[in-house]
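Below you'll find the structure, written out as structure tokens, and then a few comments.
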Amino acid sequence: MNIKTLQQNLLKFQSVIALLLMCIFLTLMTDRFLTPENGWNIMRQISVNLIISVGVTLVILTAGIDLSVGSVLALCGAVTAGMLKFGAEFTDANVYIGFTLFGAIVGGVAIGAFLGCFNGIAITRFHIPPFVATLAMLTIARGLTMLWTGGFPITGFEANMAFIGTGWLLGIPVPVWISAAVVAAAVILTKKTRLGRHIYAVGGNEKAAELSGLNVKRIKVIVYSIAGALAALGGIIVTSRLDSAQPNAGMGMELDAIAAVVIGGTSLSGGKGTIMGTVQGALIIGVLNNGLVLLNVSPFWQQVVKGLVILLAVAIDRMNTRKE
Amino acid sequence: MEINVKPDIPVIEVRNISKEFSGNYALTDVSIKLYPGKVNAIVGENGAGKSTLMKIISGVYTGYEGTVIYEGKEVTFSTPAEAQNMGIAIIHQELNLVSNMTVAENIFLGREPLNRLGMVDYRKMNEKTREVIARLHLNVDPETPVYQLRTAQQQLIEIARALLLESKVLIMDEPTSSLSGNEIDLLFSIISNLKEKGVAVVYISHKLDELFRIADNFTVLRDGKVTGSKEMSELIMRDDIIRMMVGRDILIRNRKEPETDGQRKELLKVTNLSLRNPELPSMFLVNNVSFTLSKGEILGVSGLMGAGRTEMLEALFGLHNEYVSGEIEIEGRPVIIRSISDAIRAGMALVPEDRQLQGLILELNVAENTTLASLMKVLSFGFIDRKKETEMCKRFKEKLNIRLASYGQTVETLSGGNQQKVVISKWLASNPKILLLDEPTRGVDIGAKQELYEIIEELAAEGMGIILVSSELPEILSLSDRILVFSASRLTATLKKGDADEEVIMKAATANISYAP
């Protein structure tokens, strides 16, 4: 192997290398990093961000953006919590509907998909730029969460609910199973299906995609719906883990998700990027968060460092693409 | 501005320039002299290195081997602005205008005149703009936003901007690519004007006819090397230049008359097709057009820029649905086309005008682009089957002779001709009956052009009906069985092969145009 191909390979696996370097550094600097407990801890912490980031990756691949996932997460977590705890009561008709755990989860995810679909329709039918449409949804969904919860947490669910966020299955935390399943499904979607191919085409060149007979609007609506549904799934896990639906859950999470996608090498202008890249991005952010805590870095500095890492990652990525 | 002209001393001399892009040499040991008061033409196929050379001279590229001598001194420009300040202006091939800004703002972008308060002096700016665009016979208000102008008018704005610089060297990279006959005449008279003033005009073009009209000398580039450099004279033959460009002889052949067994089967019948302008619904982009297309026929469509040719294809293909009216019959049956997917289902395919902006997904690879419009044909159990996909690509690679390293190569890295073949593959994969081609050979080099002609003829021989829109008359004349001519949104002539020549077509193409603004 000559130096040039070695160089190219190094650049290709830059995020893996960065991740390894971080892990080595943290292993040397603290004795608490390289322990099984801490490992599972990190995995569990990133699983929610990873699930959301997968949806955001699909959106960004179509050259869109979704800022609403944090609020959608909160609203759907709260709705699921409410359904589970109080059911739905219609006093006029004297009807009460109780929900099983499964029913409440399906309901929460469906509402997430609906909110995403709403985003998609605003963007495609009413030509509202994705940034604006999802920014509006960020506010709307947060407001609805406050209305639904009255501003107070909803707490105390049946025992099975806690299993989703805190349980273990075959020695692996349940949220990690869920995120792995989401990642696997998304990898197949992007690599193996028509819809996946169409997502890349729409992001790469919308005009050419349209002229090739693709239903660009429908593809976008589907992608935003998936992002909404996955945000809802993340909300349910958060609610389960805390045994409480917090009205201000998920605040700022859209930014962590976008950061994971961007660090993972997905281009904000669409058409370029992979789910596995996002997985690496989410891992880098997770290890970084964890490491900064272990190193006793003040929370204020943690944010500064995180921002600098995003800049660095994207700068390296830009340099690579420009070289090509 | 008068320039002190010493016509025998080159104003720019380029000595032994080489330029490398990641291992490939775009230019190798190129030496050229450019003289003041002359039109110095530079010709060559796409990718021959013309634009690279110009970008070195105008300060866009900084890393290169060799020297540039300007007015007797060795220079190295580090930015385009530096070259511009020293008197070297360039009109790029692509339009570089800010579409929301006005004509005057665009022309003065970066050197806005200021008044005493340090604010932009709009009065002066508009006045000077009026002056310079009047020279170009461009009759628009300086305060019109550029996006409201036609492409040809935008190109004239680009030229006006360079004229205002009053530079000593003016590089024009394919300036006529979207101009019509009258506008080209005007540009050429302006060029002669500049020549008299002693400006060194560097004229880059594909179109050899233009060379014979205005060039004083020419240099031919091929694969980054100079293959010939001569004074223009009557002794120079068109074929000589072509040989220098491609390294072999190329002839535009006359298409063999397809064997017609009496009557050919009618494939497409279009009656009263109209397309209203989405921005001005009282105006028509396509006005009441009727024609037919038979199986195996190549129907050429000629006309000036903006005559409605592209719009006619788009209307057929289901774009702008709500603004389209008229009846379409395919193989005797009326069809209703409300969307692009309806058009595809009815058996149509459109190879659009701009393959990079409308035809290809540049980030995706050859295989992914090829199967984009017919992915359902390469599915197994609902998933994309790479083997089937590769088989499909292989079929078209062989049929169309596409040159590529692998199917996994991004289309960005292919040459123009091969990119166009990928777009055609994409549509052949959907098995169309009717192929709509919009300027299929634009920006493609001569060798690839020839191949595309052969492909078009072969497809027609297989029974496909082809509508070929082209601005190149020789192409239309040699390929078409019949020719439609458009002018100002209307169909002004339907000519049989034998009845058509350049003169007849140009007359029909300029019918019912009043040259008022």
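Numbering starts fresh at 1 for the residues of each chain in the structure tokens, the chains themselves are lettered A, B, ... in the order given, and ligands are numbered from 1 as they appear.
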Residues of chain B within 6 Å of chain A: nearest atom pair and distance (Å, one decimal) for each, counting only C-alpha atoms, sorted by chain and number, as CSV?
residue,atom,partner,partner_atom,distance
B:Ile340,CA,A:Gly213,CA,5.3
B:Ser341,CA,A:Gly213,CA,4.8
B:Gln358,CA,A:Ala208,CA,4.2
B:Gly359,CA,A:Ala208,CA,5.0
B:Leu360,CA,A:Ala208,CA,5.8
B:Ile361,CA,A:Asn205,CA,5.3
B:Ala373,CA,A:Ser212,CA,5.2
B:Phe383,CA,A:Thr193,CA,5.0
B:Ile384,CA,A:Lys192,CA,5.0
**Request:** Once DSSP has gone over the backbone, tell me which residues of stretch 41-187 of chain A are in helix (DSSP H, G or I), as a PyMOL selection string.
**Result:** chain A and resi 41-61+69-86+101-124+130-149+159-166+174-187
**Request:** Write out as a PyMOL selection string each polymer residue whose atoms come within 10 Å of stretch 137-148 of chain B, counting only C-alpha atoms; drop sequence neighbours fewer than 6 positions from it.
**Result:** chain B and resi 97-107+122+125-131+154+156-157+160+183+186-187+516-517
Would you output that residue set with N, CA and C atoms, as a CSV table (one decimal), in the first residue's frame?
chain,number,residue,atom,x,y,z
B,97,LEU,N,-24.3,36.0,-11.9
B,97,LEU,CA,-25.1,37.2,-11.6
B,97,LEU,C,-25.9,36.9,-10.3
B,98,VAL,N,-26.1,38.0,-9.5
B,98,VAL,CA,-27.0,37.9,-8.4
B,98,VAL,C,-28.4,38.2,-8.8
B,99,SER,N,-29.2,37.1,-8.9
B,99,SER,CA,-30.5,37.3,-9.6
B,99,SER,C,-31.5,38.2,-9.0
B,100,ASN,N,-31.4,38.4,-7.6
B,100,ASN,CA,-32.3,39.4,-7.0
B,100,ASN,C,-31.9,40.8,-7.1
B,101,MET,N,-30.7,41.1,-7.6
B,101,MET,CA,-30.2,42.4,-7.6
B,101,MET,C,-30.5,43.0,-9.0
B,102,THR,N,-30.5,44.3,-9.1
B,102,THR,CA,-30.9,44.9,-10.4
B,102,THR,C,-29.7,44.8,-11.4
B,103,VAL,N,-30.0,45.2,-12.6
B,103,VAL,CA,-29.0,45.2,-13.7
B,103,VAL,C,-27.8,46.1,-13.3
B,104,ALA,N,-28.1,47.3,-12.8
B,104,ALA,CA,-27.1,48.2,-12.5
B,104,ALA,C,-26.2,47.7,-11.3
B,105,GLU,N,-26.9,47.1,-10.3
B,105,GLU,CA,-26.2,46.6,-9.1
B,105,GLU,C,-25.3,45.5,-9.5
B,106,ASN,N,-25.7,44.7,-10.4
B,106,ASN,CA,-24.9,43.6,-10.9
B,106,ASN,C,-23.7,44.1,-11.6
B,107,ILE,N,-23.9,45.0,-12.5
B,107,ILE,CA,-22.8,45.5,-13.3
B,107,ILE,C,-21.7,46.2,-12.5
B,122,TYR,N,-26.6,55.8,-6.5
B,122,TYR,CA,-27.4,55.0,-7.4
B,122,TYR,C,-27.7,55.8,-8.7
B,125,MET,N,-24.8,55.4,-10.9
B,125,MET,CA,-24.7,54.0,-11.3
B,125,MET,C,-25.7,53.6,-12.4
B,126,ASN,N,-26.9,54.1,-12.2
B,126,ASN,CA,-27.9,53.8,-13.2
B,126,ASN,C,-27.6,54.5,-14.5
B,127,GLU,N,-27.1,55.7,-14.4
B,127,GLU,CA,-26.8,56.4,-15.6
B,127,GLU,C,-25.7,55.7,-16.4
B,128,LYS,N,-24.7,55.4,-15.8
B,128,LYS,CA,-23.6,54.7,-16.5
B,128,LYS,C,-24.0,53.4,-17.0
B,129,THR,N,-24.9,52.7,-16.3
B,129,THR,CA,-25.4,51.4,-16.7
B,129,THR,C,-26.2,51.6,-18.0
B,130,ARG,N,-27.0,52.6,-18.0
B,130,ARG,CA,-27.8,52.9,-19.2
B,130,ARG,C,-26.9,53.1,-20.4
B,131,GLU,N,-25.8,53.8,-20.2
B,131,GLU,CA,-24.8,54.1,-21.3
B,131,GLU,C,-24.3,52.8,-21.9
B,154,GLN,N,-29.2,38.2,-19.9
B,154,GLN,CA,-28.3,38.0,-18.7
B,154,GLN,C,-26.9,37.9,-19.2
B,156,LEU,N,-25.7,39.2,-21.9
B,156,LEU,CA,-25.3,40.5,-22.3
B,156,LEU,C,-24.9,41.4,-21.1
B,157,ILE,N,-25.6,41.2,-20.0
B,157,ILE,CA,-25.2,42.0,-18.7
B,157,ILE,C,-23.8,41.6,-18.3
B,160,ALA,N,-21.5,43.4,-20.5
B,160,ALA,CA,-21.5,44.8,-20.1
B,160,ALA,C,-20.6,45.0,-18.9
B,183,GLU,N,-28.1,38.8,-31.7
B,183,GLU,CA,-27.3,39.2,-30.6
B,183,GLU,C,-25.8,38.9,-30.8
B,186,LEU,N,-24.3,41.5,-32.9
B,186,LEU,CA,-24.0,42.7,-32.1
B,186,LEU,C,-22.7,42.5,-31.3
B,187,LEU,N,-22.6,41.4,-30.7
B,187,LEU,CA,-21.4,41.1,-29.9
B,187,LEU,C,-20.2,41.2,-30.8
B,516,ALA,N,-39.0,44.8,-30.9
B,516,ALA,CA,-39.2,45.8,-29.8
B,516,ALA,C,-38.8,45.1,-28.5
B,517,PRO,N,-38.4,45.8,-27.5
B,517,PRO,CA,-38.0,45.2,-26.3
B,517,PRO,C,-39.2,44.5,-25.6
**Request:** Return as a PyMOL selection string the full set of residues in stretch 1-152 of chain B whose backbone-based DSSP assignment is strand (DSSP E).
**Result:** chain B and resi 12-21+24-34+39-43+65-70+73-75+88-91
**Item:** Distance query B:Asn287 at most 8 Å, only C-alpha atoms, self and fewer than 6 positions along chain excluded, as a list in words
**Value:**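 These residues fall inside the cut-off: Asn272, Leu273, Ser274, Leu275, Ser489, Arg490 and Leu491 of chain B.
Omitting A:Gly55 and its sequence neighbours fewer than 6 positions away, and counting only C-alpha atoms, the residues within 8 Å are Val223, Tyr224, Ile226, Ala227, Gly228, Leu230 and Ala231 of chain A.
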Can you write just those residues out, N, CA and C atoms, as a PDB file, in the first residue's frame?
ATOM      1  N   VAL A 223     -40.206  11.079   4.973  1.00  0.00           N
ATOM      2  CA  VAL A 223     -38.974  11.233   5.746  1.00  0.00           C
ATOM      3  C   VAL A 223     -39.216  12.050   7.023  1.00  0.00           C
ATOM      4  N   TYR A 224     -39.976  13.127   6.921  1.00  0.00           N
ATOM      5  CA  TYR A 224     -40.263  13.908   8.135  1.00  0.00           C
ATOM      6  C   TYR A 224     -41.132  13.112   9.102  1.00  0.00           C
ATOM      7  N   ILE A 226     -41.017   9.860   9.493  1.00  0.00           N
ATOM      8  CA  ILE A 226     -40.116   8.917  10.177  1.00  0.00           C
ATOM      9  C   ILE A 226     -39.363   9.644  11.288  1.00  0.00           C
ATOM     10  N   ALA A 227     -38.873  10.837  10.982  1.00  0.00           N
ATOM     11  CA  ALA A 227     -38.122  11.591  11.989  1.00  0.00           C
ATOM     12  C   ALA A 227     -38.998  11.864  13.204  1.00  0.00           C
ATOM     13  N   GLY A 228     -40.282  12.213  12.962  1.00  0.00           N
ATOM     14  CA  GLY A 228     -41.195  12.472  14.072  1.00  0.00           C
ATOM     15  C   GLY A 228     -41.439  11.215  14.891  1.00  0.00           C
ATOM     16  N   LEU A 230     -39.523   8.590  15.213  1.00  0.00           N
ATOM     17  CA  LEU A 230     -38.333   8.196  15.973  1.00  0.00           C
ATOM     18  C   LEU A 230     -38.120   9.133  17.161  1.00  0.00           C
ATOM     19  N   ALA A 231     -38.443  10.409  17.001  1.00  0.00           N
ATOM     20  CA  ALA A 231     -38.351  11.328  18.136  1.00  0.00           C
ATOM     21  C   ALA A 231     -39.306  10.876  19.229  1.00  0.00           C
TER      22      ALA A 231
END
**Request:** Determine, counting only C-alpha atoms, which protein, DNA and RNA residues have an atom within 8 Å of an atom of B:Arg309; residues of the same chain fewer than 4 positions away are not included. Present the result as an MDAnalysis selection string.
**Result:** chainID B and resid 301:303 313 469 486 489
Which neighbours of A:Ile105 fall inside 7 Å, counting only C-alpha atoms, when residues of the same chain fewer than 4 positions from it are skipped, and could you give them as an mmCIF file with N, CA and C atoms, in the first residue's frame?
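Saved to part-v7.cif:
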data_model
loop_
_atom_site.group_PDB
_atom_site.id
_atom_site.type_symbol
_atom_site.label_atom_id
_atom_site.label_comp_id
_atom_site.auth_asym_id
_atom_site.auth_seq_id
_atom_site.Cartn_x
_atom_site.Cartn_y
_atom_site.Cartn_z
ATOM 1 N N THR A 80 -47.771 9.723 25.854
ATOM 2 C CA THR A 80 -47.740 8.304 26.212
ATOM 3 C C THR A 80 -47.941 8.144 27.715
ATOM 4 N N LEU A 101 -49.839 -0.845 27.869
ATOM 5 C CA LEU A 101 -48.527 -0.257 27.618
ATOM 6 C C LEU A 101 -48.281 -0.186 26.119
ATOM 7 N N VAL A 109 -46.058 7.048 19.386
ATOM 8 C CA VAL A 109 -45.290 7.040 18.133
ATOM 9 C C VAL A 109 -46.146 7.573 16.987
#
